[in-house]
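Worksheet: one structure, shown below.
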Amino acid sequence: MNASMSNIFALLFLLSPLLVAGWGETYEKARLRDVQVLTLREGAMTTGRRSSPVPQLSCVGGSGQGRGEPGVVQCYNRGWDGREVQWECKADMEGSVRFGKVEVVCEGYEYPEDDYILAGSCQLEYTLELTREGRQQDSNSG
């Protein structure tokens, strides 16, 4: 091998960590309490960097589970209580169900409790509860 080929290989060896580090996706971060609104969709997945992507919407129980989960949910930042963002989530749903508990979960950018999150990483875990109308429908059909 001649000297110029050796120099090229040496240069590639030295630059290879930079090439590998730049390989793949670029990730954006955002300060969670500065996020004003999240739009989450049934069937869509979150972005993952430190963890695997998960569904953006996940119904985790409630008396109305399985009775018309929403296709799109918008969650609005209603303020900061000194510990976490207070979210209000809205969706077009049948009158027989409403949101019970809602929890927005996002991937911390550098570590789990990071103030900055990975953009696109948020999911909504929620319960669906029957409304008075939903309970009446149940009693009339049973």
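Ligands are numbered from 1 in the order shown, chains are lettered A, B, ... in the order of the structure tokens, and residues start at 1 in each chain.
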
Inset, instruction - Skip segment 88-103 of chain A itself and residues of its chain fewer than 2 positions away, then list as an MDAnalysis selection string all residues within 8 Å of it, counting only C-alpha atoms. - result: chainID A and resid 62 64 67:70 72:78 86 105 124:135 137

Could those residues be written to a file, using N, CA, C and O atoms, as an mmCIF file, in the first residue's frame?
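The result, written out as out-v1.cif:
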```
data_model
loop_
_atom_site.group_PDB
_atom_site.id
_atom_site.type_symbol
_atom_site.label_atom_id
_atom_site.label_comp_id
_atom_site.auth_asym_id
_atom_site.auth_seq_id
_atom_site.Cartn_x
_atom_site.Cartn_y
_atom_site.Cartn_z
ATOM 1 N N GLY A 62 -61.598 2.423 32.309
ATOM 2 C CA GLY A 62 -62.774 3.255 32.522
ATOM 3 C C GLY A 62 -64.037 2.533 32.102
ATOM 4 O O GLY A 62 -64.008 1.580 31.325
ATOM 5 N N GLY A 64 -66.286 3.450 30.154
ATOM 6 C CA GLY A 64 -66.642 3.655 28.755
ATOM 7 C C GLY A 64 -65.624 3.103 27.770
ATOM 8 O O GLY A 64 -65.735 3.337 26.563
ATOM 9 N N ARG A 67 -65.972 2.048 23.758
ATOM 10 C CA ARG A 67 -67.231 2.628 23.270
ATOM 11 C C ARG A 67 -66.996 3.909 22.489
ATOM 12 O O ARG A 67 -67.607 4.926 22.772
ATOM 13 N N GLY A 68 -66.120 3.862 21.531
ATOM 14 C CA GLY A 68 -65.916 5.028 20.683
ATOM 15 C C GLY A 68 -64.721 5.864 21.080
ATOM 16 O O GLY A 68 -64.872 7.053 21.368
ATOM 17 N N GLU A 69 -63.541 5.226 21.122
ATOM 18 C CA GLU A 69 -62.327 5.975 21.409
ATOM 19 C C GLU A 69 -62.130 7.058 20.344
ATOM 20 O O GLU A 69 -62.449 6.856 19.178
ATOM 21 N N PRO A 70 -61.616 8.211 20.732
ATOM 22 C CA PRO A 70 -61.458 9.324 19.784
ATOM 23 C C PRO A 70 -60.378 9.041 18.745
ATOM 24 O O PRO A 70 -59.402 8.328 19.023
ATOM 25 N N VAL A 72 -58.837 11.725 17.094
ATOM 26 C CA VAL A 72 -57.887 12.833 17.265
ATOM 27 C C VAL A 72 -58.183 13.511 18.597
ATOM 28 O O VAL A 72 -59.344 13.740 18.928
ATOM 29 N N VAL A 73 -57.128 13.799 19.339
ATOM 30 C CA VAL A 73 -57.263 14.505 20.613
ATOM 31 C C VAL A 73 -56.314 15.689 20.606
ATOM 32 O O VAL A 73 -55.167 15.560 20.166
ATOM 33 N N GLN A 74 -56.794 16.829 21.078
ATOM 34 C CA GLN A 74 -55.920 17.977 21.281
ATOM 35 C C GLN A 74 -55.836 18.249 22.773
ATOM 36 O O GLN A 74 -56.854 18.324 23.460
ATOM 37 N N CYS A 75 -54.593 18.362 23.253
ATOM 38 C CA CYS A 75 -54.341 18.656 24.658
ATOM 39 C C CYS A 75 -53.706 20.032 24.751
ATOM 40 O O CYS A 75 -52.729 20.321 24.048
ATOM 41 N N TYR A 76 -54.281 20.876 25.619
ATOM 42 C CA TYR A 76 -53.856 22.261 25.756
ATOM 43 C C TYR A 76 -53.132 22.452 27.082
ATOM 44 O O TYR A 76 -53.605 22.003 28.129
ATOM 45 N N ASN A 77 -52.021 23.155 27.031
ATOM 46 C CA ASN A 77 -51.247 23.497 28.221
ATOM 47 C C ASN A 77 -52.000 24.604 28.956
ATOM 48 O O ASN A 77 -52.132 25.709 28.457
ATOM 49 N N ARG A 78 -52.482 24.301 30.173
ATOM 50 C CA ARG A 78 -53.235 25.271 30.960
ATOM 51 C C ARG A 78 -52.407 25.866 32.087
ATOM 52 O O ARG A 78 -52.943 26.587 32.929
ATOM 53 N N GLN A 86 -50.123 21.278 33.472
ATOM 54 C CA GLN A 86 -51.530 20.908 33.645
ATOM 55 C C GLN A 86 -52.176 20.896 32.258
ATOM 56 O O GLN A 86 -52.236 21.928 31.586
ATOM 57 N N VAL A 105 -47.677 11.817 28.602
ATOM 58 C CA VAL A 105 -46.366 11.240 28.898
ATOM 59 C C VAL A 105 -45.449 11.530 27.720
ATOM 60 O O VAL A 105 -45.797 11.220 26.572
ATOM 61 N N LEU A 124 -50.830 10.235 24.993
ATOM 62 C CA LEU A 124 -51.888 10.454 25.974
ATOM 63 C C LEU A 124 -52.400 9.101 26.435
ATOM 64 O O LEU A 124 -52.841 8.289 25.623
ATOM 65 N N GLU A 125 -52.294 8.864 27.751
ATOM 66 C CA GLU A 125 -52.932 7.716 28.378
ATOM 67 C C GLU A 125 -54.177 8.257 29.063
ATOM 68 O O GLU A 125 -54.096 9.227 29.818
ATOM 69 N N TYR A 126 -55.328 7.647 28.796
ATOM 70 C CA TYR A 126 -56.574 8.190 29.325
ATOM 71 C C TYR A 126 -57.540 7.070 29.681
ATOM 72 O O TYR A 126 -57.392 5.930 29.233
ATOM 73 N N THR A 127 -58.510 7.430 30.496
ATOM 74 C CA THR A 127 -59.646 6.544 30.743
ATOM 75 C C THR A 127 -60.876 7.189 30.108
ATOM 76 O O THR A 127 -60.948 8.415 29.979
ATOM 77 N N LEU A 128 -61.805 6.355 29.684
ATOM 78 C CA LEU A 128 -63.095 6.828 29.170
ATOM 79 C C LEU A 128 -64.166 6.417 30.157
ATOM 80 O O LEU A 128 -64.226 5.250 30.576
ATOM 81 N N GLU A 129 -64.989 7.364 30.555
ATOM 82 C CA GLU A 129 -66.065 7.107 31.510
ATOM 83 C C GLU A 129 -67.410 7.324 30.828
ATOM 84 O O GLU A 129 -67.546 8.194 29.968
ATOM 85 N N LEU A 130 -68.379 6.520 31.225
ATOM 86 C CA LEU A 130 -69.733 6.706 30.717
ATOM 87 C C LEU A 130 -70.333 7.973 31.306
ATOM 88 O O LEU A 130 -70.148 8.269 32.485
ATOM 89 N N THR A 131 -71.043 8.703 30.490
ATOM 90 C CA THR A 131 -71.816 9.854 30.963
ATOM 91 C C THR A 131 -73.189 9.351 31.414
ATOM 92 O O THR A 131 -73.496 8.152 31.301
ATOM 93 N N ARG A 132 -74.017 10.243 31.886
ATOM 94 C CA ARG A 132 -75.394 9.865 32.252
ATOM 95 C C ARG A 132 -76.084 9.232 31.040
ATOM 96 O O ARG A 132 -76.745 8.203 31.156
ATOM 97 N N GLU A 133 -75.891 9.837 29.868
ATOM 98 C CA GLU A 133 -76.486 9.300 28.636
ATOM 99 C C GLU A 133 -75.996 7.874 28.370
ATOM 100 O O GLU A 133 -76.770 6.992 27.999
ATOM 101 N N GLY A 134 -74.708 7.652 28.562
ATOM 102 C CA GLY A 134 -74.142 6.313 28.340
ATOM 103 C C GLY A 134 -74.679 5.289 29.320
ATOM 104 O O GLY A 134 -74.951 4.148 28.953
ATOM 105 N N ARG A 135 -74.846 5.691 30.578
ATOM 106 C CA ARG A 135 -75.402 4.774 31.582
ATOM 107 C C ARG A 135 -76.874 4.454 31.283
ATOM 108 O O ARG A 135 -77.316 3.311 31.457
ATOM 109 N N GLN A 137 -78.205 4.437 28.254
ATOM 110 C CA GLN A 137 -78.175 3.516 27.102
ATOM 111 C C GLN A 137 -77.902 2.095 27.568
ATOM 112 O O GLN A 137 -78.512 1.150 27.083
#
```

Which residues come within 10 Å of Glu84 of chain A, counting only C-alpha atoms, excluding same-chain residues fewer than 2 positions away, as a PDB file with C-alpha atoms, in the first residue's frame?
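Result went into around-v7.pdb, see below:
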```pdb
ATOM      1  CA  LEU A  32     -42.259  20.855  27.890  1.00  0.00           C
ATOM      2  CA  ARG A  33     -43.802  23.805  29.708  1.00  0.00           C
ATOM      3  CA  GLY A  79     -50.262  26.171  33.112  1.00  0.00           C
ATOM      4  CA  TRP A  80     -47.481  24.932  35.311  1.00  0.00           C
ATOM      5  CA  ASP A  81     -48.017  23.968  38.959  1.00  0.00           C
ATOM      6  CA  GLY A  82     -44.308  24.021  39.820  1.00  0.00           C
ATOM      7  CA  GLN A  86     -51.530  20.908  33.645  1.00  0.00           C
ATOM      8  CA  TRP A  87     -53.169  19.565  30.468  1.00  0.00           C
ATOM      9  CA  ASP A 115     -37.372  19.678  31.389  1.00  0.00           C
TER      10      ASP A 115
END
```

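For the set A:Gln136, A:Ser121, A:Thr26, A:Ser141, the residue with the smallest atom-to-atom gap to Val54 of chain A is A:Ser121, counting only C-alpha atoms.
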
Legend entry - Test item: residues at most 10 Å from Thr47 of chain A, only C-alpha atoms, excluding those fewer than 4 positions along its chain, as JSON, numbers by chain: {"A": [27, 51, 52, 53, 54, 55, 56, 106, 107, 118, 119, 120, 121, 122, 123]}

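You will find atom CA of Glu42 of chain A at 22.6 Å from atom CA of Glu28 of chain A.
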
Apply DSSP to the backbone of this structure and, from segment 7-115 of chain A, keep only the residues in helix (DSSP H, G or I); write these as a tab-separated table (two decimals) with C-alpha atoms, in the first residue's frame.
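Output contents, as saved in selection39.tsv:
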```
chain	number	residue	atom	x	y	z
A	7	ASN	CA	-3.16	8.59	4.66
A	8	ILE	CA	-6.66	8.19	3.26
A	9	PHE	CA	-7.33	5.16	5.47
A	10	ALA	CA	-5.93	6.97	8.50
A	11	LEU	CA	-8.14	10.00	7.79
A	12	LEU	CA	-11.24	7.80	7.37
A	13	PHE	CA	-10.41	6.00	10.61
A	14	LEU	CA	-10.13	9.30	12.48
A	15	LEU	CA	-13.35	10.70	10.97
A	16	SER	CA	-15.44	7.52	11.31
A	17	PRO	CA	-16.89	8.44	14.74
A	18	LEU	CA	-18.10	11.74	13.29
A	19	LEU	CA	-19.63	10.00	10.30
A	20	VAL	CA	-21.43	7.46	12.49
A	21	ALA	CA	-22.65	10.14	14.93
A	32	LEU	CA	-42.26	20.86	27.89
A	33	ARG	CA	-43.80	23.81	29.71
A	34	ASP	CA	-43.42	25.92	26.53
```

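Atom CA of Ser58 of chain A lies 10.6 Å from atom CA of Met45 of chain A.
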
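In terms of minimum interatomic distance to Tyr111 of chain A, A:Arg49 ranks closest within A:Arg49, A:Gly43, A:Val35, A:Cys59, counting only C-alpha atoms.
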
Inset, instruction - Name the residues of chain A that fall into strand (DSSP E) according to DSSP on the backbone, using the chain letters and numbers of this document, as an MDAnalysis selection string. - result: chainID A and resid 29:31 37:41 57:59 72:80 85:90 97:105 116:118 123:130

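The space between atom CA of Val60 of chain A and atom CA of Arg83 of chain A spans 23.6 Å.
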